[in-house]
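Written below as structure tokens is the structure these notes are about.
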Amino acid sequence: MLFELSPSERLFHQQVSTLCAELVAPRARERDVAGTFPSDILPYLTEMGLLGVNVPQAYGGSARGSVAYALAIRELASADASVAVTVAVTNMVAEILCRFGSEDQKQKFVVPLVSGKLGVGSFALSESNSGSDAASLRTQAALTDGCYVLTGSKSWITSGDRAGVIIVYARTSMAHKQRGISAFIVEPGFTGFASGKSEHKLGLRGSSTVSLTFDECRVPVTNLIGHEGMGFTIAMTALDGGRIGIAAQAIGIASSAFNEAVRIVSGPGGGKAALSETYSVQNVIANIATELDAAWLLTLRAARSKDSGEPFTREAAMAKLYSTEAANRVCEAALRLGGSQALVADSALSRALRDVRVTTIYEGTSEVQRIVIARECFRNR
């Protein structure tokens with residue numbers, strides 16, 4: 001059935017949950033305070049196949065499907081959202097190359113990426129001047145002497161300074177907007193490529209977010225993904241799947257805040273009855289528990305649709321829109337329930353509120369999701 005997990009999905013969920021409890025969650029506060037990248041736990045994530053959850057086994061992946069991927073991201077985000085976003089972007093890169101890359105590219109990049117030999121992956125689409133209109137990107141790629149020469153810059157790129165594989169989108173034709181964009185594999189040692197310092201962010205402080213510059217960066221022709229003009233299609237396809245991951249990430253963050261709030265209000269209330277016995281608190285708990293369940297069911301529907309090969313653009317956008325906005329409401333309500341305990345800057349509730357903020361923004365703002373949903377509704381009349 002649509003909302004039931006298979007035995008293998010339940011087992012995988014249990015395994016990821018145990019990993020998170022034992023290795024990810026214990027140092028989440030430390031990574032948040034120090035802003036340290038989770039390099040120490042990447043080998044364990046790799047061993048469980050979490051860098052290629054939806055990658056075929058022929059290329060080293062675990063081929064578990066999108067539902068398993070959503071389960072994994074939800075659990076990781078509940079333990080440490082910085083780890084979750086690092087894993088999510090790596091999976092996105094691996095899936096892009098599996099779907100659109102050549103056989104040589106799959107062997108050269110996907111196999112070592114999901115095995116941890118290339119570190120993590122990075123997806124470089126955003127630019128400071130294009131905002132939510134990705135088709136307006138300005139980075140250019142010109143074919144010269146057997147190489148593509150990239151010139152331009154990218155902003156707010158997750159793991160851009162840590163990745164062994166970076167998928168970069170650049171304009172190969174000025175005559176067309178969307179059809180003038182191509183996708184390239186950039187490797188960290190390429191001449192003319194540089195990454196900036198990691199941003200000191202409001203949340204997700206354990207993940208690295210940088211700007212990238214391309215100063216006549218020479219990229220081999222063999223690192224073009226698909227063919228010229230295919231980049232926008234590749235990016236939009238990737239973002240459809242990525243939105244399932246962001247929805248799961250938001251739910252994971254909010255679930256951790258919900259559980260912490262329940263723990264706090266269930267304790268003694270200054271010698272009186274526990275706050276959990278008051279109707280006002282029960283109303284809040286009931287409302288946010290319902291929102292979390294509704295968000296997860298939307299996300300599960302989108303993941304099931306993807307796994308079954310059905311169109312899932314609308315379902316993914318709905319899951320992303322509702323889950324991220326609901327998660328923000330849940331974290332705010334949990335903070336209020338936490339009272340003075342939540343006001344400590346590095347408390348679990350404070351971290352959740354900071355981490356969840358970006359989920360309504362990246363991989364398409366809530367406004368963009370509404371545009372996508374409405375477009376799909378009119379298209380399918």
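Ligands are numbered from 1 in the order shown, chains are lettered A, B, ... in the order of the structure tokens, and residues start at 1 in each chain.
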(request) Can you check which residues of region 28-247 of chain A DSSP gives as helix (DSSP H, G or I) on the backbone and send them as a PyMOL selection string? (result) chain A and resi 28-34+39-47+57-59+66-79+81-100+103-114+134-136+178-180+221-223+231-247
Write the residues of the selection above to a file with C-alpha atoms, as a compact mmCIF listing (two decimals), in the first residue's frame.
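Printed below is again.txt as written:
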```txt
# COMPACT_ATOMS: atom_id res chain seq x y z
CA ALA A 28 25.58 17.43 16.69
CA ARG A 29 25.82 20.24 19.26
CA GLU A 30 29.61 20.30 18.93
CA ARG A 31 29.45 20.54 15.14
CA ASP A 32 26.88 23.32 15.37
CA VAL A 33 28.89 25.41 17.84
CA ALA A 34 32.26 24.93 16.12
CA SER A 39 34.20 14.30 7.97
CA ASP A 40 34.59 11.91 10.89
CA ILE A 41 31.29 10.12 10.26
CA LEU A 42 31.40 9.95 6.45
CA PRO A 43 33.03 6.47 6.48
CA TYR A 44 30.11 5.11 8.53
CA LEU A 45 27.56 6.71 6.22
CA THR A 46 29.39 5.25 3.23
CA GLU A 47 29.46 1.79 4.78
CA GLN A 57 24.31 -1.58 -7.32
CA ALA A 58 26.30 -1.86 -10.56
CA TYR A 59 27.82 1.52 -9.69
CA SER A 66 13.29 7.05 -2.96
CA VAL A 67 11.21 5.99 0.04
CA ALA A 68 14.31 4.60 1.72
CA TYR A 69 16.14 7.80 0.80
CA ALA A 70 13.42 9.93 2.42
CA LEU A 71 13.54 7.77 5.54
CA ALA A 72 17.31 8.13 5.74
CA ILE A 73 17.29 11.91 5.29
CA ARG A 74 14.51 12.29 7.87
CA GLU A 75 16.49 10.31 10.45
CA LEU A 76 19.76 12.07 9.69
CA ALA A 77 18.09 15.49 9.92
CA SER A 78 16.50 14.59 13.23
CA ALA A 79 19.99 13.83 14.55
CA ALA A 81 20.54 18.52 9.79
CA SER A 82 24.03 19.50 8.63
CA VAL A 83 24.85 15.85 8.03
CA ALA A 84 21.53 15.36 6.26
CA VAL A 85 22.06 18.17 3.76
CA THR A 86 25.60 16.99 2.98
CA VAL A 87 24.31 13.48 2.29
CA ALA A 88 21.32 14.77 0.30
CA VAL A 89 23.42 16.83 -2.12
CA THR A 90 25.83 13.93 -2.64
CA ASN A 91 22.91 11.65 -3.51
CA MET A 92 21.59 14.27 -5.93
CA VAL A 93 24.92 14.43 -7.75
CA ALA A 94 25.19 10.64 -7.95
CA GLU A 95 21.64 10.33 -9.30
CA ILE A 96 22.23 13.00 -11.95
CA LEU A 97 25.30 11.20 -13.24
CA CYS A 98 23.52 7.83 -13.19
CA ARG A 99 20.63 9.18 -15.23
CA PHE A 100 22.35 11.58 -17.62
CA GLU A 103 29.22 5.12 -18.94
CA ASP A 104 32.75 6.49 -18.57
CA GLN A 105 31.46 9.26 -16.28
CA LYS A 106 29.60 6.75 -14.14
CA GLN A 107 32.69 4.61 -13.72
CA LYS A 108 35.02 7.55 -13.13
CA PHE A 109 32.82 9.58 -10.78
CA VAL A 110 29.79 7.70 -9.44
CA VAL A 111 31.60 4.56 -8.29
CA PRO A 112 34.25 6.40 -6.22
CA LEU A 113 31.73 9.00 -5.01
CA VAL A 114 29.32 6.56 -3.41
CA ALA A 134 17.83 29.66 -12.51
CA ALA A 135 17.54 30.10 -16.28
CA SER A 136 19.02 33.58 -15.93
CA GLN A 178 16.82 27.57 -20.93
CA ARG A 179 18.15 25.66 -23.93
CA GLY A 180 21.39 27.60 -23.75
CA VAL A 221 34.93 17.90 -23.29
CA THR A 222 34.47 14.48 -21.71
CA ASN A 223 33.13 16.21 -18.58
CA GLY A 231 21.67 21.49 -18.51
CA PHE A 232 18.38 23.13 -17.56
CA THR A 233 16.48 19.87 -18.02
CA ILE A 234 19.06 18.07 -15.90
CA ALA A 235 18.82 20.68 -13.14
CA MET A 236 15.02 20.72 -13.03
CA THR A 237 14.85 16.92 -13.00
CA ALA A 238 17.33 16.83 -10.14
CA LEU A 239 15.40 19.46 -8.19
CA ASP A 240 12.20 17.42 -8.42
CA GLY A 241 13.90 14.59 -6.58
CA GLY A 242 15.78 16.99 -4.34
CA ARG A 243 12.53 18.47 -3.08
CA ILE A 244 11.57 15.11 -1.63
CA GLY A 245 14.83 15.21 0.28
CA ILE A 246 14.27 18.76 1.55
CA ALA A 247 10.76 17.81 2.70
```
(request) Pull the strand (DSSP E) assignments for region 59-297 of chain A out of DSSP run on the backbone, and list those residues as number ranges by chain. (result) A: 120-124, 140-144, 147-158, 163-171, 181-186, 193-195, 209-220, 224-225
Tell me, counting only C-alpha atoms, for each residue of region 101-158 of chain A within 12 Å of region 197-201 of chain A, which pair of atoms is nearest and how far apart they are in Å to one decimal, in rows ordered by chain and increasing number, as JSON lines.
```
{"residue": "A:Ser155", "atom": "CA", "partner": "A:Glu199", "partner_atom": "CA", "distance": 10.4}
{"residue": "A:Trp156", "atom": "CA", "partner": "A:Glu199", "partner_atom": "CA", "distance": 8.4}
{"residue": "A:Ile157", "atom": "CA", "partner": "A:Ser198", "partner_atom": "CA", "distance": 9.5}
{"residue": "A:Thr158", "atom": "CA", "partner": "A:Ser198", "partner_atom": "CA", "distance": 9.4}
```
(request) For Asn287 (chain A), list every protein, DNA or RNA residue within 9 Å, evaluated using only C-alpha atoms, and leave out those in the same chain fewer than 5 positions away; present the list as a list in words. (result)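 In the requested format, the answer is Gln282, Leu292 and Val330 of chain A.
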Could you take the residues named above and write them with N, CA and C atoms, as a PDB file, in the first residue's frame?
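After the write, result-v7.pdb holds the following:
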```
ATOM      1  N   GLN A 282      -1.761  20.602  25.490  1.00  0.00           N
ATOM      2  CA  GLN A 282      -2.221  19.444  24.727  1.00  0.00           C
ATOM      3  C   GLN A 282      -2.711  19.855  23.340  1.00  0.00           C
ATOM      4  N   LEU A 292       2.961  17.211  11.421  1.00  0.00           N
ATOM      5  CA  LEU A 292       4.110  16.359  11.086  1.00  0.00           C
ATOM      6  C   LEU A 292       3.664  15.115  10.329  1.00  0.00           C
ATOM      7  N   VAL A 330       6.109  24.098  13.438  1.00  0.00           N
ATOM      8  CA  VAL A 330       6.350  23.146  14.527  1.00  0.00           C
ATOM      9  C   VAL A 330       7.516  23.599  15.393  1.00  0.00           C
TER      10      VAL A 330
END
```
(request) Mind giving me the straight-line distance from CA of Leu212 (chain A) to CA of Ala194 (chain A) in Å, one decimal? (result)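 Computing it gives 5.9 Å between the two atoms.
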(message) Could you tell me how far CA of Arg171 (chain A) sits from CA of Asp133 (chain A), in Å to one decimal place?
(response)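 A separation of 13.9 Å between them.
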(request) Name the closest residue to Lys306 (chain A) among the candidates A:Ser255, A:Gly65, A:Thr172, A:Ile166; distances are taken between atoms, counting only C-alpha atoms. (result)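 Looking at the shortest contact to Lys306 (chain A), the residue is A:Gly65.
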(request) Tell me which of A:Thr324, A:Ser195, A:Gln341, A:Ser17 sits closest to Ile251 (chain A), counting only C-alpha atoms. (result)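 Of the candidates, the smallest distance to Ile251 (chain A) is held by A:Thr324.
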(request) May I ask which of the residues A:Gly338, A:Ala352, A:Arg263, A:Ala374 is the closest one to Met318 (chain A), counting only C-alpha atoms? (result)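 Comparing A:Gly338, A:Ala352, A:Arg263, A:Ala374 against Met318 (chain A), the winner is A:Ala374.
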(message) I'd like the neighbourhood of Arg218 (chain A) as a list in words, where a residue qualifies if any of its atoms comes within 12 Å (using only C-alpha atoms), though same-chain residues fewer than 3 positions away should be ignored.
(response)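 Answer for this query is Gln140, Ala141, Ala142, Leu143, Thr144, Asp145, Gly146, Cys147, Tyr148, Val149, Leu150, Thr151, Phe184, Ile185, Val186, Glu187, Pro188, Gly189, Phe190, Thr191, Gly192, Phe193, Phe214, Asp215, Val221, Thr222, Asn223 and Leu224 of chain A.
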The selected residues should be written to file as an mmCIF file, in the first residue's frame (atoms: N, CA and C atoms).
```cif
data_model
loop_
_atom_site.group_PDB
_atom_site.id
_atom_site.type_symbol
_atom_site.label_atom_id
_atom_site.label_comp_id
_atom_site.auth_asym_id
_atom_site.auth_seq_id
_atom_site.Cartn_x
_atom_site.Cartn_y
_atom_site.Cartn_z
ATOM 1 N N GLN A 140 29.480 31.387 -18.023
ATOM 2 C CA GLN A 140 29.562 30.991 -19.421
ATOM 3 C C GLN A 140 30.578 29.878 -19.624
ATOM 4 N N ALA A 141 30.335 29.091 -20.660
ATOM 5 C CA ALA A 141 31.253 28.023 -21.046
ATOM 6 C C ALA A 141 31.454 28.093 -22.552
ATOM 7 N N ALA A 142 32.693 28.307 -22.977
ATOM 8 C CA ALA A 142 32.997 28.418 -24.399
ATOM 9 C C ALA A 142 33.920 27.277 -24.811
ATOM 10 N N LEU A 143 33.589 26.608 -25.897
ATOM 11 C CA LEU A 143 34.402 25.497 -26.391
ATOM 12 C C LEU A 143 35.609 26.066 -27.126
ATOM 13 N N THR A 144 36.798 25.818 -26.562
ATOM 14 C CA THR A 144 38.034 26.369 -27.109
ATOM 15 C C THR A 144 39.146 25.329 -27.047
ATOM 16 N N ASP A 145 39.730 25.015 -28.198
ATOM 17 C CA ASP A 145 40.871 24.088 -28.251
ATOM 18 C C ASP A 145 40.591 22.773 -27.520
ATOM 19 N N GLY A 146 39.430 22.218 -27.740
ATOM 20 C CA GLY A 146 39.121 20.902 -27.184
ATOM 21 C C GLY A 146 38.694 20.894 -25.736
ATOM 22 N N CYS A 147 38.538 22.080 -25.136
ATOM 23 C CA CYS A 147 38.071 22.178 -23.750
ATOM 24 C C CYS A 147 36.967 23.222 -23.658
ATOM 25 N N TYR A 148 36.133 23.082 -22.646
ATOM 26 C CA TYR A 148 35.186 24.144 -22.325
ATOM 27 C C TYR A 148 35.856 25.069 -21.311
ATOM 28 N N VAL A 149 35.840 26.351 -21.599
ATOM 29 C CA VAL A 149 36.440 27.333 -20.699
ATOM 30 C C VAL A 149 35.314 28.038 -19.949
ATOM 31 N N LEU A 150 35.260 27.824 -18.636
ATOM 32 C CA LEU A 150 34.195 28.376 -17.803
ATOM 33 C C LEU A 150 34.638 29.689 -17.180
ATOM 34 N N THR A 151 33.739 30.675 -17.237
ATOM 35 C CA THR A 151 33.993 31.985 -16.641
ATOM 36 C C THR A 151 32.740 32.441 -15.907
ATOM 37 N N PHE A 184 28.240 20.531 -16.457
ATOM 38 C CA PHE A 184 29.611 20.051 -16.527
ATOM 39 C C PHE A 184 30.046 19.456 -15.187
ATOM 40 N N ILE A 185 30.982 18.519 -15.275
ATOM 41 C CA ILE A 185 31.617 17.986 -14.072
ATOM 42 C C ILE A 185 32.921 18.738 -13.867
ATOM 43 N N VAL A 186 33.005 19.451 -12.760
ATOM 44 C CA VAL A 186 34.237 20.167 -12.411
ATOM 45 C C VAL A 186 34.911 19.426 -11.262
ATOM 46 N N GLU A 187 36.193 19.204 -11.416
ATOM 47 C CA GLU A 187 36.971 18.543 -10.376
ATOM 48 C C GLU A 187 37.791 19.585 -9.623
ATOM 49 N N PRO A 188 38.025 19.385 -8.324
ATOM 50 C CA PRO A 188 38.636 20.432 -7.492
ATOM 51 C C PRO A 188 40.011 20.903 -7.937
ATOM 52 N N GLY A 189 40.752 20.086 -8.673
ATOM 53 C CA GLY A 189 42.106 20.489 -9.067
ATOM 54 C C GLY A 189 42.181 21.236 -10.374
ATOM 55 N N PHE A 190 41.072 21.515 -11.005
ATOM 56 C CA PHE A 190 41.098 22.181 -12.311
ATOM 57 C C PHE A 190 41.683 23.592 -12.212
ATOM 58 N N THR A 191 42.511 23.931 -13.183
ATOM 59 C CA THR A 191 43.086 25.278 -13.246
ATOM 60 C C THR A 191 41.984 26.305 -13.456
ATOM 61 N N GLY A 192 42.040 27.382 -12.683
ATOM 62 C CA GLY A 192 41.054 28.440 -12.819
ATOM 63 C C GLY A 192 39.848 28.288 -11.919
ATOM 64 N N PHE A 193 39.812 27.193 -11.173
ATOM 65 C CA PHE A 193 38.696 26.971 -10.246
ATOM 66 C C PHE A 193 39.129 27.296 -8.823
ATOM 67 N N PHE A 214 35.138 30.764 -11.333
ATOM 68 C CA PHE A 214 35.720 30.094 -12.496
ATOM 69 C C PHE A 214 36.386 31.166 -13.354
ATOM 70 N N ASP A 215 37.709 31.199 -13.292
ATOM 71 C CA ASP A 215 38.506 32.189 -14.014
ATOM 72 C C ASP A 215 39.191 31.484 -15.175
ATOM 73 N N VAL A 221 36.182 18.162 -22.581
ATOM 74 C CA VAL A 221 34.925 17.899 -23.290
ATOM 75 C C VAL A 221 34.240 16.664 -22.724
ATOM 76 N N THR A 222 35.029 15.715 -22.258
ATOM 77 C CA THR A 222 34.467 14.476 -21.706
ATOM 78 C C THR A 222 33.709 14.705 -20.402
ATOM 79 N N ASN A 223 33.842 15.903 -19.822
ATOM 80 C CA ASN A 223 33.130 16.212 -18.575
ATOM 81 C C ASN A 223 31.814 16.951 -18.810
ATOM 82 N N LEU A 224 31.433 17.107 -20.064
ATOM 83 C CA LEU A 224 30.089 17.613 -20.380
ATOM 84 C C LEU A 224 29.092 16.498 -20.102
#
```
